[in-house]
Each structure stands twice: as C-alpha cells, then as structure tokens.
Number of protein chains: 4
Amino acid sequence: MVRIALLGAGRIGAMHAANIAASKRATLRCVYDVHLAAAQKVAKTHGAKVAPSVEAALADADVDAVLIASSTDTHVDLITASAKAGKAILCEKPIDLSIDRVEQCRRDIEGTGVPIQLGFNRRYDASHRGVREAVARGEIGNLQQLIITSRDPGLAPMDYMKVSGGIFRDMTIHDFDLARFILGEDPVEVFAAGSVMIEPALAEIGDVDTAMVVMKAPSGALVHINNSRLAVYGYDQRVEAFGSKGMVQSENLRSSSLRRWTAHATDAQEPLLHFFIQRYAQAYLDELNEFFDVVADGKEPSVGFEDGRKALILADAAWESLRSGESVEVSYD
Amino acid sequence: MVRIALLGAGRIGAMHAANIAASKRATLRCVYDVHLAAAQKVAKTHGAKVAPSVEAALADADVDAVLIASSTDTHVDLITASAKAGKAILCEKPIDLSIDRVEQCRRDIEGTGVPIQLGFNRRYDASHRGVREAVARGEIGNLQQLIITSRDPGLAPMDYMKVSGGIFRDMTIHDFDLARFILGEDPVEVFAAGSVMIEPALAEIGDVDTAMVVMKAPSGALVHINNSRLAVYGYDQRVEAFGSKGMVQSENLRSSSLRRWTAHATDAQEPLLHFFIQRYAQAYLDELNEFFDVVADGKEPSVGFEDGRKALILADAAWESLRSGESVEVSYD
Amino acid sequence: MVRIALLGAGRIGAMHAANIAASKRATLRCVYDVHLAAAQKVAKTHGAKVAPSVEAALADADVDAVLIASSTDTHVDLITASAKAGKAILCEKPIDLSIDRVEQCRRDIEGTGVPIQLGFNRRYDASHRGVREAVARGEIGNLQQLIITSRDPGLAPMDYMKVSGGIFRDMTIHDFDLARFILGEDPVEVFAAGSVMIEPALAEIGDVDTAMVVMKAPSGALVHINNSRLAVYGYDQRVEAFGSKGMVQSENLRSSSLRRWTAHATDAQEPLLHFFIQRYAQAYLDELNEFFDVVADGKEPSVGFEDGRKALILADAAWESLRSGESVEVSYD
Amino acid sequence: MVRIALLGAGRIGAMHAANIAASKRATLRCVYDVHLAAAQKVAKTHGAKVAPSVEAALADADVDAVLIASSTDTHVDLITASAKAGKAILCEKPIDLSIDRVEQCRRDIEGTGVPIQLGFNRRYDASHRGVREAVARGEIGNLQQLIITSRDPGLAPMDYMKVSGGIFRDMTIHDFDLARFILGEDPVEVFAAGSVMIEPALAEIGDVDTAMVVMKAPSGALVHINNSRLAVYGYDQRVEAFGSKGMVQSENLRSSSLRRWTAHATDAQEPLLHFFIQRYAQAYLDELNEFFDVVADGKEPSVGFEDGRKALILADAAWESLRSGESVEVSYD
C-alpha cells in the first residue's frame, strides 16, 4: 500500500484524494492545505488525517509519497522539500511560471534520487496515447504534421487568470507536452499568435483568450495548436497526426453513444464531456496507477520534471513570439 | 441517338424527360399523357412533340423506345402495345397491382423479343450497389442477415393511397427488389406485420403506414425490411448486409458535408436529401444510361420484367401474411 | 455496508465479486460455488470467506443479500431459498428455462417481501437508457418502430449451448427485456425466424445461430430484433427507436476514439469492446449500485422477477413461432 | 446561349470544355491551345472549331466570352487582350505569379468594363459555401478561429513544380482565397512555416511540400492553414469555423456512403474523391453557371480579379515569412 500525503485540497486535489481512496493500492495518509477547512473536508470524506503543516506531512514516516496539487506558486518549494525528505512526488503541472525558479529547483533536487512524476494527464488518455503509439510503431510513416485542438468550455475567474501566467503557461502547456509526447522529439522553433475575442478584461493583463501556435521539430515535422478559452459546445480535445503512410486522429469523447435525428439535424451526437475532470477521468486514474508503480515498484515515471521544464520553455517561447511577431528558436539547455 | 416517346408526364415523367433532354445520347421525340396539358408542358420545356395518342406514338418510326411513367393501372396495356410495336421499354415500377394481369402480360409479350427494363432505381444507387458488389465478391463471406430501412418523408394524398395497392405493392416493392438484388437469390418465406400509427384513414381502406417484414432465402439468409410512411427527419434509406466475414452498410446521403456543433448537439449532420427525386437523382441518370445501352447497343437490361413480377409476388405474400399472421411460402412459378 | 453472499463464482460471478469488493458501499461476505476451487479463488482474491454450503451462506446473519450468478438451472431454488431466508436478491438472467418452474417460484416466494432484482444489465447502460429516457419524455413522439441489433463476437462451447435453452432464452432474452423497457408496454404478438448459418452442430440440437424477431405492442408499435452468434467485427449492440417526432439511436462503444485514414479506408474506427464484460462494465457497476440502494435504502428494484418472467414468456413465444411459422399471441397471465 | 472561346486545352481546359458542351446555356465556339493537337482533340470531342490564334478567337464576333485555362504565365496577357476585345472573362487561378504583373494588368484593363470572374472553384462547393453562409448569418456568432486543411493526393511532376511559383502561390492560394471568403475580411498578418518532407528535390528549387500558415484578421480572428503535397489517403479538404456561438465544419466527400466493418476496423468509410476534378465536379459546374449569369444577365461575378490579386499578396507574404521567420504585415494597396 502506497501511503500518500496530499498537499493541496482544492478541486483537483479533492479529485485525486477520491481516486487514491478508491484504490486498493494506496491509502490517503494525510491532507494539507493552506485553507484548513478544505483540508478537513477532504480528509474527513476519505478518513484521512489533516496534516498541521507541510513539514509535519513530510516528517511522517508513514508517508511514502506526496501528491502536490496546491497553487502553482508553491510547487517548487514543495517539490524541493519533498525531494529532500525522500518522498516520491506526483506534481500537478506546471512546475512553476518562472523558468529560473524551475532551473533552480532542478539544481536543488539534484542527487536526491527521488522520483518525480508530472501531472500531464493527457499522456494517459487512451485515445491520445493511441495516437502516440501509432506514430511510434510507424503506422503513419514519418510524422509530418501534428494538429492539436484544445478549447476550454469556459473561462476561469479573472482572479485566477491574473496569476495563471497567461494562456501559454496555464493552458497550452498541456498541448506543448502532448506535442512533445507524440512527436518523440523537441520542437526547435515556436511561433504564436493570439487575440482577445472573448473576455476584454484579459487585454488589460496582457493575456489572450484565443491563440494559435506553429512549431517546427528537428525532423522538419510541423505542429499546429489552437486554443480557445470558451467553446460553447464544450471541452474540445482533438489530436491529428499526419504522416507519409496515413493519418490517425483522437476524437472527442461523450457521455453516451446516443444519436438524435430530427427535422433540423441528423445523426447529432451528445454534448462533450464537460471539462478535464470528466474528460480525463480515466486518464487521472491511469496516471495515479503509474505513480503507484513508481513508488511501489521503482518504475521510472513516463513523464517527469524534465518534461515540465521543457513544456515551460516552449510556453515562454510562445509568449516571446506573440510579443515579437517572430518565430523563436528554442534551446533547452 | 436514342429517340424516346415518353408515356406519362406527371412528376416522375417530367423528371425522366429532363434527364433524356439533358443527355447527349438521346432525344425526347414525343410526349403523351391522358392530361393533354401535362404532355404539352413537358413537351414544350424540352422541345418535343405532343403525341395525340399512344397509338400515334407507337406508330412513329422515329421512336426507338418508350419510357412508361403513367399511372400503374396503364402499365400492362402500354407494355403490351409497345412490345408489339417493337419498341424497347423502360417502365416505372410496379408492372401492375394484379399478379394475374402481370402473368397475362408476360404471356402476351412472349416472343416479341423487345427488351424491357424495369424502373427499380435503387439498384443504380452507388451506395446500395456497393453493398451488392461487396456481397457478390465475397467481401463479407456468406450473407446471413440483410436489413433494409426505408421510410418516406411524408404521405401521399389519400386519393393516391386508395389506388396504390397498399404499402407492400407501392412502397415495399422497392425493398423487395433491393433484397433480391443484394441476396442474389429469391426469398422463399415472407412474414409481415403492420400498424396504422400515422394516418388513421388508412385503416378504413385496409392499408397500414408502419410495417415490418422478415423473409428467408434458400441459403438460410434472413432479411428484415422496415417501412414508415412518415419520417420527420426525411427520406431514410439504409441497407446493412451482415455476413461471416464482416458487414457493409449503405448509409443515408445529404446535400452537403456540413457539421454543426452547438451547446445542445455536437457533430450534427445536415438534413437528408428530401425524397426519391433528390436522393436517387444520380441513380435515375444511371438507370437511363443503361437503357440507352440497351436500346443502342443491345445490352441486356440488368433489371427487367421478371424482377418486377417477382417483387409483386413478394408484395402479395406480405399482404397475405399480414392478414393471416402466418409466414407465407413463396412460389414464383 | 451491504454484506453480500455470492452464489456462483464463474466468469460473471468473479466479475460481480470484483465490483462488490471495489465498492465503498458493500463487502463480499462469502462465496459459494459447487466447484470449491472456484469459490476459493474468488474468495481469496477479495478477502472473503468460502461458504461451505448455500444453507450456511443463507443462515449467516451477517449476510444481507445474495447475488446469484450460478448456472441457470439452480436459479429458482436459490431464489426460493434466499427469499425464505429473508435475503435481498440480485439474480442473473434468466430466472429459469422453464416457465412452469418460474411460475412455481413466483408462488413459492409470494409474501416473503424480499426484494428481487434481475440482472438485465443492458437497462443500466447509459446509451440504451438514454433511448428509453428520450422515449419516455416524448422526445420522439409516439414510438412506432424499435429495432434492436444484438450480435455476439463468438459462440459459446457446444456443452453450454446444449443447456442454454436455445438462442431465444439464452441470448434474445436480453433483447426481449430491452424491448419491454424501451416500449414501456408488453408485446402481444411475436414472430420469429431462424437459421443455422454458423455452427452446423446447432441444427442437431434444434437451435439456431441467426435469428430475426418481429413483435407488436398494444399501441401498434412494431419491434424488430436481429441476433447472430458470431459477428467477426465484435459485440454489436445497437438500439434504434423511431417515432412521430424523430429518432434516437444507441450506437456501439469502443475502447478509444481513435480514427485511422489509409489508402484503403478513411475515418475507420476502433474495434468494438470485446463482449458483455467490457461493453457493459459501467452498466454492471450501476446495476450493483442500484442493488445497494435496494438493500440499504429500501429502493424498489427497477427491474425484477416479473421482468424476468415476461422476458421468458416472450422467448417461449419466439420458439413456438419459429416452429409453427405463425405469429404467436402472447398472454402474460 | 453564351458562346465561349476556350483558351488552353489541357486537363482543366478539357474539363471546362465538357461542362460547357453539356450545358443548355452555352456553346463552345472555339478552342485555342499552343499545342494544336490538344486544341484539336478538345474541339473535335465537342464539335467546336479550332481557333488558329488567340487574336482570331478574340476577333470572332460570335464569341461572347473567354475561359482562360492556359498556363499561368499566359494569364495576364490573355486577360488584357480579352478585356480589350470586350469579352467577358473566366480565368483560372492564379492571375500570375508576379504581383507586379498583376498590378500592371489591373491598370491595363481598367475602364474596359469587362466582367472578370476568377476560378476559385472552392467558393462554389456546397459544403465550404455552407460554412461561409453559416458564418455570414451569425450562426456561430463572432468568428474566432478558422482552420483549413488542404492536402493533395500526389505531387505534380517536377517540371511543373519548377514553374509553379512554389506551394503558396500554386496550392495555398486556394486556401488564402477560401479564408478571405469565409472570414468576410482581409488578413493583415501572415506567418508561414514549411518543410521538405516528401520530395527532396523541392529543396533544390527552394520550395517546400509541407506547410503551415497562421494569419490574423482585423477583427482578431485567427486562421490556420495546413498543406501537404501528398496525403496517401487522398485529397483532404476540410474547413472548420469556430465562433462565440458554436462551430461549423465542412468535411470530406466520398464517392458513396458505404461503410465497412471487419475484425480490424469498424465503420470505415470509402476513400476520398480522388482530386479536384472529382471533388469539386459540382463546384466547377456551379462556377460555370455563375459565369453564364455574368455574361448573359449582367450579374456581378462573386469572385473576381481583386480576389485573385489579394490571394497572391497573401501568398507573397507567406513566402516572405517563410524566409524571414517573422510574421509579415500585409498591405493590399
């Protein structure tokens, strides 16, 4: 049994807590949150203890691993402290909004030997992973074009948006990682364009709600990502990989296979699964199961700190490109 | 150039006239209709003559062939007269509502050597024909189940319904023929059930508007046909052939490939093509082209008098079954 | 916590055991099977006891409910004994192959007041249930035609087939129940046709592997069911409900949303989920959750003994029709 | 009857000739081609005259209009000469590969009052046009993202590629026009990336075979175009318009609605229509019909010289961006 301390008991922390509690392979040992009430609520629901502090949670010899689901600005400190305490880590994305802090964190945890898995949940989705696997086994020949459509069903509150690091670090970062995952190589050029078309207040904080990215990989493969903060028809998550021998697509999922035929539309499908909690429910479970393999069996995490660092580098490059209007060459050193 | 006399200038006659006129391979020589105005209108539109009588049309040495699109009760007489006049014949379905009259006609035209093509338009549809071809080349192995869905977008007027011969002779007859076409063999047992669920007045004339048929072929293959006189979402025309090696389906067609995504439905497709004139527009052209091959090049019609006779036998069996509640054994002798 | 005795530890019993064990609402108290090793294996996997006999299991005061997943011929005795022991019952379908025994069982358990839920798992499938709900709220107006396609991915061993009661009692029984569920009324006429097209040995035992059924409901609604014991493309489970205002369909499910494009086929979808364990995995969970509601909260089972009895009456009528070639009037008294 | 002189009798010229000849509204008066044999073949097929020279064709008082389908480098001279001869013009795209020559042509024909329609055939496709119409009537609210996928089923010969002007002027030019058509406004920023992944010889002539474009419109709407010279699954032509109220897509078309189910793939669709001649067959007819309206009824062409000029400006901007790695601001003056 993997004994887990949950650091951060907000929406996504609560989801992870429920998944841990439902698993036969793990127990939720304790919960910490800066908001005591949030920690108490999650702890009570699943019969876990409330940790009075991060230090207490990390000092607990009955804690094997931590799941970091707190606000982004705390990730680096928690990763560092957890690594030094010898606890295996599953951390929600992004590592941090500042690449300097990420680099510092990398140096700080060097040599701790603690496994760190990063919560890029989409890598665990059966359909997206199916695209990667088809590419990896050469089913579509040389990958030439990769197109990722990623649109949210609604905007987060402005308070969140202000500290989100902007669309590329907050939202596109998933797509940057997914692109690297499917490409099997690291993009070396990034171009980004963006507009404020949905929430005018975003203009005041220098952010955009509508974005398009083009990247080039060393092989010459081209990647397109498009993002919107608001798709009225729901959380739109599609991937298309095109190559010399064909194409594979990962299409949207729905809650049922119902089709409707009326005088106005035929073969209409159900609404999309609402948002990431629903759309990637199974992916979150599979992610957690890999983490249990990491902690219990010494498996290497399939997505780790370095992936988080590289995705942030791409996000930073996208911001630079958006501002300069130029394609930005990316170095990962 | 195949020179054609059109007998019958109603809705479907007018459509054939336009197709003939648009073809480089044929000319519309003359038009006859019991309603002179109808004949005049079609003739004028396409620069053809009005024939004062059927006899005059058939006596015209510049007429190579006749297209019979008049009311069903005239078909047998027109077929017989045309055959005796040595004119090649393309006749709309059904041959007649009475199998006795059809048998008499068969005897009457025996030995005339005139080619007769029957207007079972669905055999010429690329998708339905694709099913037949897949079956014929063994793509799905042994055909075990054939399912035909055939629903009209609206009821014909009651005046027409009263002389239509009932749903099996008027509407299902297309499906009986399509079943024989795809099966490649003749059903030997027919069961039919029916209800009046749309137009109560049909009950008074002993007809139904909702029907289901099950047939068995000598090979053991089972066939299901379902019919409705009114599908609010349009003219629903589907075929599914299931066999030992797989399945092929002929799906509905639409006027465009547009898909719509809203908060209420996703990936909704366009309305179906309205009715047979639209849905089978290309099939009618291909049917006519085969007829030109028949007349000009001596090709054997791929669907002829015998097919019309057998489809009517199946329709009669369906009526008998509907009334008796028993499966009816079919003999084609 | 609902404490459950599992009677029968074969394939489906093992699945139920795992679902019970994974639930926070129930515990697997004990397992009984005529094959001790099977009981031991399932019991050990989930930390349950092995019951030495059915009597012992039913005498256990710490057992609240039984889940009957043993062979069909034992269902009636187990239902009767469990009901008399005052244990709530979830019984796999069918109740029995003999309507006389089912009627006797009904009389025997009368007055015990024990809730009995029947394992018609398809009623719990989100897509099939979505069809029922659309019909129930009038979304498609008057239901006029219901079409159920139900094909297995492979034949059971002949040893099983010999005691299965034949295709209608073993396989179609699910479809008879699903039809009643969606119709919201009981069919009053049944016609069935069948062929042996897959496994010749079935002919020797008087069974068929390919079947088509047509039923009529009191409202006039017509139902078609088609069954095959072997679809090479997998477990084909579709429902289509057609009415005066439109149509709803429940389409097949797949393990992922991947689509493939090659020179030979475009937009090809993934294979279907293998068989009932995979296809109805969520339905089995939801069925079990309803059972926990029944046991713990006194909820009325949404599908019970009477539904099992009526489905068997329809299956018997289908056999009678298959043999006589006549549509059979159904009485449920 | 519109009397047309065809200038250029290659593949696309021959197609137009057949369409003109089949129309009731027009006659093919004469055909000119620098290769006499090509002109003779087309002329003979449709019973037209061979024009000994362009001058002769334009001097023919029985010619109302010209259809220019010759090689791109002749378009400007032919447009100028035809305009001065007072003949209505339907010219294949592009006007020319040099914007300077296009500007000169614009000045040269100013004041002639001759209508010029440009052969951007995709504007006439029912599905793509359906997207434009949905956008224009506000069905998807504010257009925020437009995504055009345009991939050819095979490369043209290198001899053609060398004089094609490169991928943006030869192939993407259709997509630039389609983007303008659907946007209803002119892009003001263009970014382009490209790779040689299919035909290495293209690198030697400075061209690419794999390209991605991002454009921004004055409204802030973002456009993405992706192109490939070789999609093994066929001519891939899709459009997706995303807005504040929903999304519309124009999907690929196929020769039939057949679907196939095997052990390896389910619901697989037919291959795509081969190439532009097949995919846009109806669009070419509708384009021609508009031209007949232009010539016979004085209708304003819906797509004209100015559209050809603007598409070329966008193509030039794309080349500039590809070379500089910078987003290029576009001016249409």
# chains A, B, ... in the order shown; residues from 1 in each chain; ligands from 1
call {"tool": "select_by_dssp", "arguments": {"residues": "range 148-331 of chain A", "states": "helix (DSSP H, G or I)", "output": "PyMOL selection string"}}
result
chain A and resi 158-162+167-183+201-204+276-279+281-297+305-324
call {"tool": "select_by_dssp", "arguments": {"residues": "range 246-310 of chain C", "states": "strand (DSSP E or B)", "output": "number ranges by chain"}}
result
C: 246-250, 254, 258-261, 266, 268-269, 272, 304
call {"tool": "write_last_selection", "arguments": {"atoms": "all heavy atoms", "output": "CSV table (one decimal), in the first residue's frame"}}
result
chain,number,residue,atom,x,y,z
C,246,GLY,N,-39.3,11.9,-34.5
C,246,GLY,CA,-37.8,11.8,-34.7
C,246,GLY,C,-37.3,10.4,-34.3
C,246,GLY,O,-38.1,9.5,-34.2
C,247,MET,N,-36.0,10.3,-34.2
C,247,MET,CA,-35.4,9.0,-33.9
C,247,MET,C,-34.3,9.2,-33.0
C,247,MET,O,-33.5,10.2,-33.1
C,247,MET,CB,-34.9,8.4,-35.3
C,247,MET,CG,-34.2,7.1,-35.2
C,247,MET,SD,-34.0,6.2,-36.7
C,247,MET,CE,-32.9,7.3,-37.6
C,248,VAL,N,-34.1,8.2,-32.1
C,248,VAL,CA,-32.8,8.2,-31.3
C,248,VAL,C,-32.2,6.8,-31.5
C,248,VAL,O,-32.9,5.8,-31.6
C,248,VAL,CB,-33.1,8.5,-29.8
C,248,VAL,CG1,-33.4,9.9,-29.5
C,248,VAL,CG2,-34.2,7.6,-29.2
C,249,GLN,N,-30.9,6.8,-31.5
C,249,GLN,CA,-30.1,5.6,-31.6
C,249,GLN,C,-29.1,5.5,-30.5
C,249,GLN,O,-28.5,6.5,-30.2
C,249,GLN,CB,-29.4,5.6,-33.0
C,249,GLN,CG,-30.3,5.6,-34.2
C,249,GLN,CD,-29.5,5.8,-35.5
C,249,GLN,OE1,-28.6,6.6,-35.5
C,249,GLN,NE2,-29.9,5.1,-36.5
C,250,SER,N,-28.9,4.3,-30.1
C,250,SER,CA,-27.8,4.0,-29.2
C,250,SER,C,-26.8,3.2,-30.0
C,250,SER,O,-27.1,2.1,-30.5
C,250,SER,CB,-28.3,3.1,-28.0
C,250,SER,OG,-27.2,2.6,-27.3
C,254,ARG,N,-16.5,1.9,-28.2
C,254,ARG,CA,-15.2,1.4,-28.5
C,254,ARG,C,-14.2,1.8,-27.3
C,254,ARG,O,-14.6,2.6,-26.5
C,254,ARG,CB,-14.7,2.1,-29.8
C,254,ARG,CG,-15.5,1.6,-31.0
C,254,ARG,CD,-15.4,2.5,-32.1
C,254,ARG,NE,-16.1,1.9,-33.3
C,254,ARG,CZ,-17.4,2.1,-33.6
C,254,ARG,NH1,-18.1,2.9,-32.8
C,254,ARG,NH2,-17.9,1.6,-34.6
C,258,LEU,N,-10.0,6.7,-31.4
C,258,LEU,CA,-9.0,6.8,-32.5
C,258,LEU,C,-9.7,6.5,-33.8
C,258,LEU,O,-10.5,5.6,-34.0
C,258,LEU,CB,-8.0,5.7,-32.2
C,258,LEU,CG,-6.5,6.1,-32.5
C,258,LEU,CD1,-6.1,7.2,-31.6
C,258,LEU,CD2,-5.6,4.9,-32.3
C,259,ARG,N,-9.3,7.3,-34.8
C,259,ARG,CA,-9.7,7.1,-36.2
C,259,ARG,C,-8.5,6.9,-37.1
C,259,ARG,O,-7.5,7.6,-36.9
C,259,ARG,CB,-10.5,8.3,-36.7
C,259,ARG,CG,-11.6,8.8,-35.8
C,259,ARG,CD,-12.8,7.8,-35.9
C,259,ARG,NE,-13.9,8.3,-35.1
C,259,ARG,CZ,-15.0,8.8,-35.7
C,259,ARG,NH1,-15.2,8.9,-37.0
C,259,ARG,NH2,-16.0,9.2,-34.9
C,260,ARG,N,-8.6,6.1,-38.1
C,260,ARG,CA,-7.5,5.8,-38.9
C,260,ARG,C,-7.8,6.1,-40.4
C,260,ARG,O,-8.9,5.8,-40.9
C,260,ARG,CB,-7.1,4.3,-38.9
C,260,ARG,CG,-6.4,4.0,-37.6
C,260,ARG,CD,-5.9,2.6,-37.6
C,260,ARG,NE,-4.9,2.4,-36.5
C,260,ARG,CZ,-5.2,2.3,-35.2
C,260,ARG,NH1,-6.5,2.3,-34.8
C,260,ARG,NH2,-4.3,2.1,-34.3
C,261,TRP,N,-6.9,6.7,-41.1
C,261,TRP,CA,-7.0,7.0,-42.5
C,261,TRP,C,-5.9,6.4,-43.3
C,261,TRP,O,-4.7,6.7,-43.0
C,261,TRP,CB,-7.0,8.6,-42.7
C,261,TRP,CG,-8.0,9.3,-42.0
C,261,TRP,CD1,-8.2,9.4,-40.6
C,261,TRP,CD2,-9.1,10.1,-42.6
C,261,TRP,NE1,-9.3,10.2,-40.4
C,261,TRP,CE2,-9.9,10.6,-41.5
C,261,TRP,CE3,-9.4,10.4,-43.9
C,261,TRP,CZ2,-11.0,11.4,-41.8
C,261,TRP,CZ3,-10.5,11.2,-44.1
C,261,TRP,CH2,-11.3,11.7,-43.1
C,266,THR,N,-11.1,5.3,-44.9
C,266,THR,CA,-10.9,6.6,-44.3
C,266,THR,C,-11.8,6.7,-43.1
C,266,THR,O,-12.9,6.1,-43.1
C,266,THR,CB,-11.2,7.7,-45.2
C,266,THR,OG1,-12.6,7.6,-45.6
C,266,THR,CG2,-10.3,7.7,-46.5
C,268,ALA,N,-11.7,5.2,-40.3
C,268,ALA,CA,-12.1,3.9,-39.7
C,268,ALA,C,-12.0,4.0,-38.2
C,268,ALA,O,-11.0,4.5,-37.6
C,268,ALA,CB,-11.1,2.8,-40.3
C,269,GLN,N,-12.9,3.4,-37.5
C,269,GLN,CA,-13.0,3.4,-36.1
C,269,GLN,C,-12.4,2.1,-35.5
C,269,GLN,O,-12.1,1.2,-36.2
C,269,GLN,CB,-14.4,3.6,-35.6
C,269,GLN,CG,-15.0,5.0,-36.1
C,269,GLN,CD,-16.2,5.4,-35.3
C,269,GLN,OE1,-16.3,5.2,-34.1
C,269,GLN,NE2,-17.2,5.9,-36.1
C,272,LEU,N,-14.8,-2.9,-31.7
C,272,LEU,CA,-15.8,-2.7,-30.6
C,272,LEU,C,-15.3,-3.4,-29.3
C,272,LEU,O,-14.4,-4.2,-29.4
C,272,LEU,CB,-17.1,-3.5,-31.0
C,272,LEU,CG,-17.7,-3.0,-32.4
C,272,LEU,CD1,-19.0,-3.7,-32.6
C,272,LEU,CD2,-18.0,-1.5,-32.3
C,304,GLY,N,-37.2,-6.5,-12.1
C,304,GLY,CA,-37.4,-7.5,-11.1
C,304,GLY,C,-37.8,-8.9,-11.6
C,304,GLY,O,-37.8,-9.1,-12.9
call {"tool": "residues_around", "arguments": {"residues": "Lys49 in chain B", "least_positions_apart": "5", "cutoff": "10 Å", "atoms": "only C-alpha atoms", "output": "number ranges by chain"}}
result
B: 5, 28-32, 39-40, 42-44, 57
call {"tool": "residues_around", "arguments": {"residues": "range 178-189 of chain D", "least_positions_apart": "4", "cutoff": "8 Å", "atoms": "only C-alpha atoms", "output": "short mmCIF file (atom, residue, chain, number, x, y, z; two decimals) with N, CA and C atoms, in the first residue's frame"}}
result
data_model
loop_
_atom_site.label_atom_id
_atom_site.label_comp_id
_atom_site.auth_asym_id
_atom_site.auth_seq_id
_atom_site.Cartn_x
_atom_site.Cartn_y
_atom_site.Cartn_z
N ARG D 122 -13.41 26.54 -55.10
CA ARG D 122 -13.88 26.07 -53.79
C ARG D 122 -15.00 26.92 -53.22
N ARG D 123 -15.05 28.18 -53.67
CA ARG D 123 -16.13 29.04 -53.21
C ARG D 123 -17.50 28.49 -53.62
N VAL D 131 -20.34 26.71 -44.91
CA VAL D 131 -19.61 27.30 -43.78
C VAL D 131 -19.69 28.82 -43.88
N ARG D 132 -19.41 29.34 -45.07
CA ARG D 132 -19.47 30.80 -45.25
C ARG D 132 -20.86 31.33 -44.90
N VAL D 135 -21.50 31.37 -41.20
CA VAL D 135 -20.78 32.49 -40.59
C VAL D 135 -21.49 33.80 -40.90
N ALA D 136 -21.86 33.98 -42.15
CA ALA D 136 -22.45 35.25 -42.58
C ALA D 136 -23.77 35.54 -41.89
N LEU D 143 -16.81 35.00 -35.52
CA LEU D 143 -15.82 34.02 -35.96
C LEU D 143 -14.51 34.30 -35.24
N LEU D 146 -10.44 30.00 -37.72
CA LEU D 146 -10.77 29.35 -38.98
C LEU D 146 -9.62 28.40 -39.31
N ILE D 148 -8.21 25.54 -41.99
CA ILE D 148 -8.35 24.93 -43.32
C ILE D 148 -7.29 23.86 -43.49
N HIS D 174 -5.47 28.80 -53.09
CA HIS D 174 -6.88 28.43 -52.93
C HIS D 174 -7.34 28.64 -51.48
N MET D 215 -2.67 33.24 -39.85
CA MET D 215 -2.97 34.61 -40.25
C MET D 215 -3.88 35.26 -39.20
N LYS D 216 -3.79 36.59 -39.14
CA LYS D 216 -4.69 37.31 -38.25
C LYS D 216 -5.50 38.31 -39.08
N ALA D 217 -6.79 38.39 -38.76
CA ALA D 217 -7.66 39.33 -39.45
C ALA D 217 -7.85 40.57 -38.57
N PRO D 218 -8.33 41.67 -39.16
CA PRO D 218 -8.53 42.90 -38.38
C PRO D 218 -9.41 42.68 -37.15
N VAL D 223 -6.48 32.50 -38.29
CA VAL D 223 -6.67 31.50 -39.34
C VAL D 223 -5.48 30.56 -39.37
N SER D 327 6.43 37.18 -38.74
CA SER D 327 5.08 37.44 -39.20
C SER D 327 5.12 38.68 -40.08
N VAL D 328 4.46 38.63 -41.21
CA VAL D 328 4.52 39.72 -42.18
C VAL D 328 3.21 40.50 -42.19
N GLU D 329 3.32 41.80 -42.06
CA GLU D 329 2.12 42.63 -42.15
C GLU D 329 1.75 42.79 -43.62
N VAL D 330 0.47 42.68 -43.87
CA VAL D 330 0.02 42.68 -45.26
C VAL D 330 -0.67 43.99 -45.58
N SER D 331 -0.27 44.56 -46.71
CA SER D 331 -0.99 45.73 -47.22
C SER D 331 -1.50 45.38 -48.61
#
call {"tool": "closest_residue", "arguments": {"among": "D:His128, D:His35, D:Arg169, D:Lys87", "to": "Lys310 in chain D", "atoms": "only C-alpha atoms"}}
result
D:Arg169
